[in-house]
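Asker: This is the structure I have questions about; it appears just below.
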Amino acid sequence: MKFIGDDRVYDPYFQYLDQMKGSMLPHIHEFASNTTHHNLTSPNSLHDSWIEYWRISEVVVGEKRSDRRIDIDACLLGPMHDRHIYLHYRDVRQHTITANNGSDYGDLLVHELTITADGVYVHELLFAGGAVFTVHFSDFAHRIELFKSEAPAQS
């Protein structure tokens with residue numbers, strides 16, 4: 001992480017995002033700078049969420065099947081276990097997972113989204129089990145779906 005250290009102080013990160021507002025796509029800046037995505041008590045936070053899946057795919061983008069790009073679709077179980085948080089990384093340029101001795105990933109501790117000098121975005125996610133997921137991409141989408149509550153049975 002470039003801005004959020006082991007002390008989990010977010011001020012330098014949010015100052016960076018303020019400076020980068022004009023350089024980032026508005027929807028990406030909104031996601032990155034939305035404090036509820038980092039807040040320890042928000043049900044929409046990525047903090048304390050768990051990975052349900054992390055899918056990498058090659059997507060056909062032209063008339064020829066050989067014209068492709070890489071996308072990553074991720075689904076996280078929200079911290080209150082009442083929703084899924086979906087992340088879609090489009091046109092992935094590079095991705096790495098630094099795993100952790102074969103144990104589970106555990107809760108997501110912290111994440112940071114930055115932009116490089118050439119306009120590529122980088123999202124880094126650090127998990128309690130020590131794993132680090134890093135994605136370099138050109139576009140991004142995010143959505144949240146609450147679980148449908150089941151109505152109690154009528155007697």
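Ordering of the structure tokens sets the chain letters (A, B, ...); residue numbers start at 1 within each chain; ligands are numbered from 1 in the order shown.
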Considering only C-alpha atoms, return as a list of chain:residue names whatever protein or nucleic-acid residues lie within 8 Å of Arg69 (chain A), sequence-local ones (same chain, fewer than 6 positions apart) excluded.

Answerer: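 The residues satisfying every condition are A:Glu58, A:Val59, A:Val60, A:Val61, A:Asp91, A:Val92.
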
Asker: Determine, using only C-alpha atoms, which residues of region 31-76 of chain A have any atom at most 8 Å from an atom of region 101-107 of chain A, and tabulate each with its shortest atom pair and distance in Å to one decimal place, rows ordered by chain and then rising number, as a tab-separated table.

Answerer:
residue	atom	partner	partner_atom	distance
A:His47	CA	A:Asp107	CA	7.2
A:Asp48	CA	A:Asp107	CA	4.6
A:Ser49	CA	A:Asp107	CA	5.5
A:Trp50	CA	A:Asp107	CA	5.3
A:Ile51	CA	A:Tyr105	CA	7.8

Asker: Using Å and a single decimal, report how far CA of Tyr10 (chain A) sits from CA of His88 (chain A).

Answerer: 24.0 Å

Asker: Looking at only C-alpha atoms, which of A:Met80, A:Leu108, A:Ala99, A:Val120 is the one that sits closest to Leu146 (chain A)?

Answerer: A:Met80

Asker: In Å, rounded to a single decimal, give me how far CA of Arg83 (chain A) is from CA of Glu52 (chain A).

Answerer: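 Calculated distance between CA of Glu52 (chain A) and CA of Arg83 (chain A) is 11.4 Å.
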
Asker: Could you find all residues in region 4-137 of chain A that DSSP calls strand (DSSP E or B) from the backbone, and write them as an MDAnalysis selection string?

Answerer: chainID A and resid 50:60 68:77 83:90 94:98 108:115 121:127 132:137

Asker: Excluding region 28-42 of chain A and any residue of its chain fewer than 4 positions from it, enumerate the residues within 12 Å of it, using only C-alpha atoms, and give them as number ranges by chain.

Answerer: A: 4, 8-24, 46-49, 78-83, 85, 87-90, 107-115, 120-125, 137-144

Asker: Quick one: write out the picked residues with C-alpha atoms as a tab-separated table (two decimals), in the first residue's frame?

Answerer:
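out15.tsv, written as the output of this step:
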chain	number	residue	atom	x	y	z
A	4	ILE	CA	-2.47	3.38	4.06
A	8	ARG	CA	-4.51	2.11	9.25
A	9	VAL	CA	-4.49	5.92	9.07
A	10	TYR	CA	-6.53	6.92	6.03
A	11	ASP	CA	-5.89	10.69	5.92
A	12	PRO	CA	-2.93	10.48	3.47
A	13	TYR	CA	-4.98	8.23	1.17
A	14	PHE	CA	-8.01	10.53	1.09
A	15	GLN	CA	-5.72	13.55	0.55
A	16	TYR	CA	-4.19	11.72	-2.42
A	17	LEU	CA	-7.66	10.97	-3.82
A	18	ASP	CA	-8.63	14.66	-3.50
A	19	GLN	CA	-5.55	15.56	-5.56
A	20	MET	CA	-6.35	12.90	-8.19
A	21	LYS	CA	-10.05	13.73	-8.63
A	22	GLY	CA	-9.56	15.31	-12.06
A	23	SER	CA	-7.30	12.48	-13.23
A	24	MET	CA	-9.65	9.61	-12.40
A	46	LEU	CA	-15.06	-3.91	1.98
A	47	HIS	CA	-13.37	-4.10	5.40
A	48	ASP	CA	-14.17	-7.46	7.03
A	49	SER	CA	-15.71	-8.84	3.83
A	78	GLY	CA	-20.28	-8.15	3.01
A	79	PRO	CA	-19.07	-7.63	6.57
A	80	MET	CA	-22.57	-8.06	8.04
A	81	HIS	CA	-23.15	-11.21	5.92
A	82	ASP	CA	-26.35	-9.67	4.54
A	83	ARG	CA	-25.17	-8.64	1.06
A	85	ILE	CA	-20.39	-6.72	-2.99
A	87	LEU	CA	-16.34	-5.73	-8.23
A	88	HIS	CA	-15.78	-5.86	-12.00
A	89	TYR	CA	-12.33	-4.94	-13.31
A	90	ARG	CA	-12.33	-4.31	-17.07
A	107	ASP	CA	-11.29	-10.92	6.25
A	108	LEU	CA	-10.29	-8.10	3.96
A	109	LEU	CA	-8.37	-5.70	6.20
A	110	VAL	CA	-7.71	-2.76	3.93
A	111	HIS	CA	-7.85	-1.79	0.26
A	112	GLU	CA	-6.42	1.08	-1.72
A	113	LEU	CA	-7.20	2.28	-5.25
A	114	THR	CA	-4.65	4.48	-7.02
A	115	ILE	CA	-3.84	5.62	-10.56
A	120	VAL	CA	-3.92	2.71	-15.37
A	121	TYR	CA	-5.75	2.10	-12.09
A	122	VAL	CA	-4.38	-0.17	-9.37
A	123	HIS	CA	-6.55	-1.77	-6.68
A	124	GLU	CA	-4.68	-3.49	-3.89
A	125	LEU	CA	-6.51	-5.63	-1.33
A	137	PHE	CA	-7.05	-2.14	-15.00
A	138	SER	CA	-8.58	0.54	-17.20
A	139	ASP	CA	-12.22	0.54	-16.01
A	140	PHE	CA	-14.24	-0.65	-13.07
A	141	ALA	CA	-17.79	-1.26	-11.90
A	142	HIS	CA	-19.11	-1.87	-8.40
A	143	ARG	CA	-22.52	-2.91	-7.14
A	144	ILE	CA	-24.11	-4.19	-3.98

Asker: Rank A:Asp7, A:Leu77, A:Lys2, A:Asp67 by their smallest atom-to-atom distance to Glu145 (chain A), using only C-alpha atoms, and report the top residue only.

Answerer: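 Answer, going by the shortest atom-to-atom distance: A:Leu77.
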
Asker: Would you compute the distance between CA of Arg55 (chain A) and CA of Gly5 (chain A)? Give it in Å to one decimal.

Answerer: 27.9 Å

Asker: Counting only C-alpha atoms, figure out which residue out of A:His136, A:Thr98, A:Trp54, A:Pro43 gets nearest to Thr116 (chain A).

Answerer: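 Of the candidates, the smallest distance to Thr116 (chain A) is held by A:His136.
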
Asker: So, counting only C-alpha atoms, which residue among A:Val132, A:Leu25, A:Ser45, A:Phe147 is closest to His95 (chain A)?

Answerer: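 Closest residue, counting only C-alpha atoms: A:Val132.
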
Asker: Write out as a list in words all residues of chain A that backbone DSSP assigns to helix (DSSP H, G or I).

Answerer: Asp11, Pro12, Tyr13, Phe14, Gln15, Tyr16, Leu17, Asp18, Gln19, Met20, Pro26, His27, Ile28, His29, Glu30, Phe31, Ala32, Ser33, Thr35, Thr36 and His37 of chain A
